[in-house]
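Here is the structure we will look at.
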Amino acid sequence: MRVVYRGLAAIGVAAAAAVALVVVVFPAGPDEVAAGPVTAPPAAPSSSGPAPSTAAPPSASASASASPTLAAEAMPSPSPGSSLAPGYTAMEALYADPRVPKLTSRIKRLRLASPTRKVVKDRRTGLVVPNLSKPWKSYGAAPFTTKQVLPKARTGVRGMFVTCPLPTMRQKSPRDTALLAARWTLNHHPEGSRITWLASQPVKHGWMLVYRVKYGKHQSRAAVVVMDGGMSKPGLAFVTVPDSQRKQWRDIGRVVAGVRVLG
């Protein structure tokens, strides 16, 4: 009997060991998981609002695609100059430029004089323009295609009359194309220049603008004529005369009256 009791005791010890092994190896319940790296529990929302997220911020491109409104607000504003801010059209940049006022219907028309007989033919733009009399004289054209200038003035600013292919974007409206061209001409006036419109009207194959350009205590009178001369780009005729040579302001009328298509 002692042998039997000893055998039963050995069996009981083995069974207890097996049960203990099962408890160590297997989870005690279906909701428990194997231990992993220790992490902080998610923060509970505070009374003032949800806790800040610890996730990495989305990329700029993802933000733009997710929220077009935010993307538009992040776009840089158009700045004065000949270049465009990304995402803006040429006309939007024009309207945002404080140097160029809105052209309203109140701007008068100019009574055009008879064109002069002496002309300069610009075959690159397809335009014919007046050959102005003295004190104007022809000068090295580059970077334009034709150029006439007045004698040098004490102020360092002198009259200039040039032609070239349109250096700006062509618009559906000849008027808008001329507006962009006038804005571009501020690159050829002293820093801080601002435009005041004097005349605006259609001309054959294009549009004409006459304006005052103010810079500090001085000003110039200027005009642009944008005309389709049958080339890949419209032609531009641009004249500007400073107040130190105001006697030649009358020549601006001769310029805008004398520009025509080369026939």
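We name chains A, B, ... following the order of the structure tokens; residues begin at 1 in each chain, and ligands are numbered from 1 as shown.
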Write out as number ranges by chain each polymer residue whose atoms come within 8 Å of region 149-166 of chain A, counting only C-alpha atoms; drop sequence neighbours fewer than 6 positions from it. A: 122, 124-125, 135-139, 141, 181, 226, 233-242, 244-245
Dump C-alpha atoms for the selected residues as a PDB file, in the first residue's frame?
ATOM      1  CA  ASP A 122       9.561  97.798 -87.986  1.00  0.00           C
ATOM      2  CA  ARG A 124       9.785  92.453 -86.729  1.00  0.00           C
ATOM      3  CA  THR A 125       6.579  93.764 -85.142  1.00  0.00           C
ATOM      4  CA  PRO A 135      15.413 117.041 -81.234  1.00  0.00           C
ATOM      5  CA  TRP A 136      14.503 113.340 -81.492  1.00  0.00           C
ATOM      6  CA  LYS A 137      17.098 111.064 -83.051  1.00  0.00           C
ATOM      7  CA  SER A 138      17.509 107.360 -83.753  1.00  0.00           C
ATOM      8  CA  TYR A 139      19.599 105.446 -81.250  1.00  0.00           C
ATOM      9  CA  ALA A 141      17.691  99.890 -80.554  1.00  0.00           C
ATOM     10  CA  ALA A 181       1.891  96.582 -71.395  1.00  0.00           C
ATOM     11  CA  VAL A 226      -0.609  97.573 -78.721  1.00  0.00           C
ATOM     12  CA  LYS A 233       2.973  88.400 -81.098  1.00  0.00           C
ATOM     13  CA  PRO A 234       1.317  91.824 -81.224  1.00  0.00           C
ATOM     14  CA  GLY A 235       3.602  94.830 -81.585  1.00  0.00           C
ATOM     15  CA  LEU A 236       4.123  97.411 -78.863  1.00  0.00           C
ATOM     16  CA  ALA A 237       4.871 101.106 -79.390  1.00  0.00           C
ATOM     17  CA  PHE A 238       5.864 102.887 -76.164  1.00  0.00           C
ATOM     18  CA  VAL A 239       6.763 106.567 -75.684  1.00  0.00           C
ATOM     19  CA  THR A 240       7.654 108.435 -72.485  1.00  0.00           C
ATOM     20  CA  VAL A 241       8.763 112.062 -71.993  1.00  0.00           C
ATOM     21  CA  PRO A 242       9.800 113.547 -68.591  1.00  0.00           C
ATOM     22  CA  SER A 244      12.193 118.293 -67.838  1.00  0.00           C
ATOM     23  CA  GLN A 245      11.462 117.954 -71.594  1.00  0.00           C
TER      24      GLN A 245
END
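Secondary structure of region 78-154 of chain A, strand (DSSP E or B) only (DSSP, backbone atoms): A:Val119, A:Val120, A:Lys121, A:Asp122, A:Leu127, A:Val128, A:Val129, A:Pro130, A:Lys137, A:Ser138, A:Thr146, A:Lys147, A:Gln148, A:Val149.
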Could you give me, as a tab-separated table, every region 161-199 of chain A residue with an atom at most 9 Å from region 100-113 of chain A, plus its closest atom pair and distance in Å to one decimal, counting only C-alpha atoms, rows ordered by chain then number?
residue	atom	partner	partner_atom	distance
A:Leu179	CA	A:Leu103	CA	8.5
A:Ala182	CA	A:Val100	CA	8.7
A:Arg183	CA	A:Val100	CA	6.8
A:Arg194	CA	A:Val100	CA	6.4
A:Ile195	CA	A:Val100	CA	5.4
A:Thr196	CA	A:Pro101	CA	6.9
A:Trp197	CA	A:Ile107	CA	6.9
A:Leu198	CA	A:Ile107	CA	6.4
A:Ala199	CA	A:Lys108	CA	5.1
So the first atom is CA of Val225 (chain A) and the second is CA of Asn187 (chain A); what is the distance between them in Å, to one decimal place? 16.8 Å
Ranking A:Tyr215, A:Thr145, A:Arg175, A:Lys134 by minimum distance to Lys247 (chain A) and counting only C-alpha atoms, which one comes first?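 Looking only at the distances to Lys247 (chain A), the closest residue turns out to be A:Lys134.
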Please indicate the distance in Å from CA of Lys217 (chain A) to CA of Pro190 (chain A), rounded to one decimal place.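 Between CA of Lys217 (chain A) and CA of Pro190 (chain A) the gap works out to 11.6 Å.
Nearest-residue note for Ala178 (chain A): choosing from A:Ala257, A:Leu132, A:Val203, A:Met208, the minimum distance belongs to A:Met208, counting only C-alpha atoms.
In this structure, CA of Gly192 (chain A) sits 11.1 Å away from CA of His218 (chain A).
Among the residues of region 204-262 of chain A, backbone DSSP assigns alpha helix (DSSP H) to Arg250, Asp251, Ile252, Gly253, Arg254, Val255, Val256, Ala257 and Gly258 of chain A.
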Using the selection just defined, write its residues with N, CA and C atoms as a PDB file, in the first residue's frame.
ATOM      1  N   ARG A 250       3.871 117.161 -76.657  1.00  0.00           N
ATOM      2  CA  ARG A 250       2.971 117.183 -77.824  1.00  0.00           C
ATOM      3  C   ARG A 250       3.273 116.027 -78.784  1.00  0.00           C
ATOM      4  N   ASP A 251       4.511 115.523 -78.741  1.00  0.00           N
ATOM      5  CA  ASP A 251       4.876 114.430 -79.651  1.00  0.00           C
ATOM      6  C   ASP A 251       4.188 113.118 -79.275  1.00  0.00           C
ATOM      7  N   ILE A 252       3.702 113.012 -78.053  1.00  0.00           N
ATOM      8  CA  ILE A 252       3.006 111.782 -77.649  1.00  0.00           C
ATOM      9  C   ILE A 252       1.739 111.601 -78.473  1.00  0.00           C
ATOM     10  N   GLY A 253       1.029 112.704 -78.732  1.00  0.00           N
ATOM     11  CA  GLY A 253      -0.152 112.634 -79.595  1.00  0.00           C
ATOM     12  C   GLY A 253       0.205 112.204 -80.999  1.00  0.00           C
ATOM     13  N   ARG A 254       1.366 112.666 -81.498  1.00  0.00           N
ATOM     14  CA  ARG A 254       1.809 112.277 -82.846  1.00  0.00           C
ATOM     15  C   ARG A 254       2.126 110.777 -82.903  1.00  0.00           C
ATOM     16  N   VAL A 255       2.681 110.272 -81.805  1.00  0.00           N
ATOM     17  CA  VAL A 255       3.022 108.849 -81.780  1.00  0.00           C
ATOM     18  C   VAL A 255       1.764 107.993 -81.838  1.00  0.00           C
ATOM     19  N   VAL A 256       0.815 108.237 -80.951  1.00  0.00           N
ATOM     20  CA  VAL A 256      -0.363 107.355 -80.896  1.00  0.00           C
ATOM     21  C   VAL A 256      -1.238 107.507 -82.136  1.00  0.00           C
ATOM     22  N   ALA A 257      -1.177 108.655 -82.787  1.00  0.00           N
ATOM     23  CA  ALA A 257      -1.960 108.845 -84.017  1.00  0.00           C
ATOM     24  C   ALA A 257      -1.278 108.195 -85.223  1.00  0.00           C
ATOM     25  N   GLY A 258       0.048 107.995 -85.130  1.00  0.00           N
ATOM     26  CA  GLY A 258       0.786 107.544 -86.316  1.00  0.00           C
ATOM     27  C   GLY A 258       1.116 106.068 -86.358  1.00  0.00           C
TER      28      GLY A 258
END
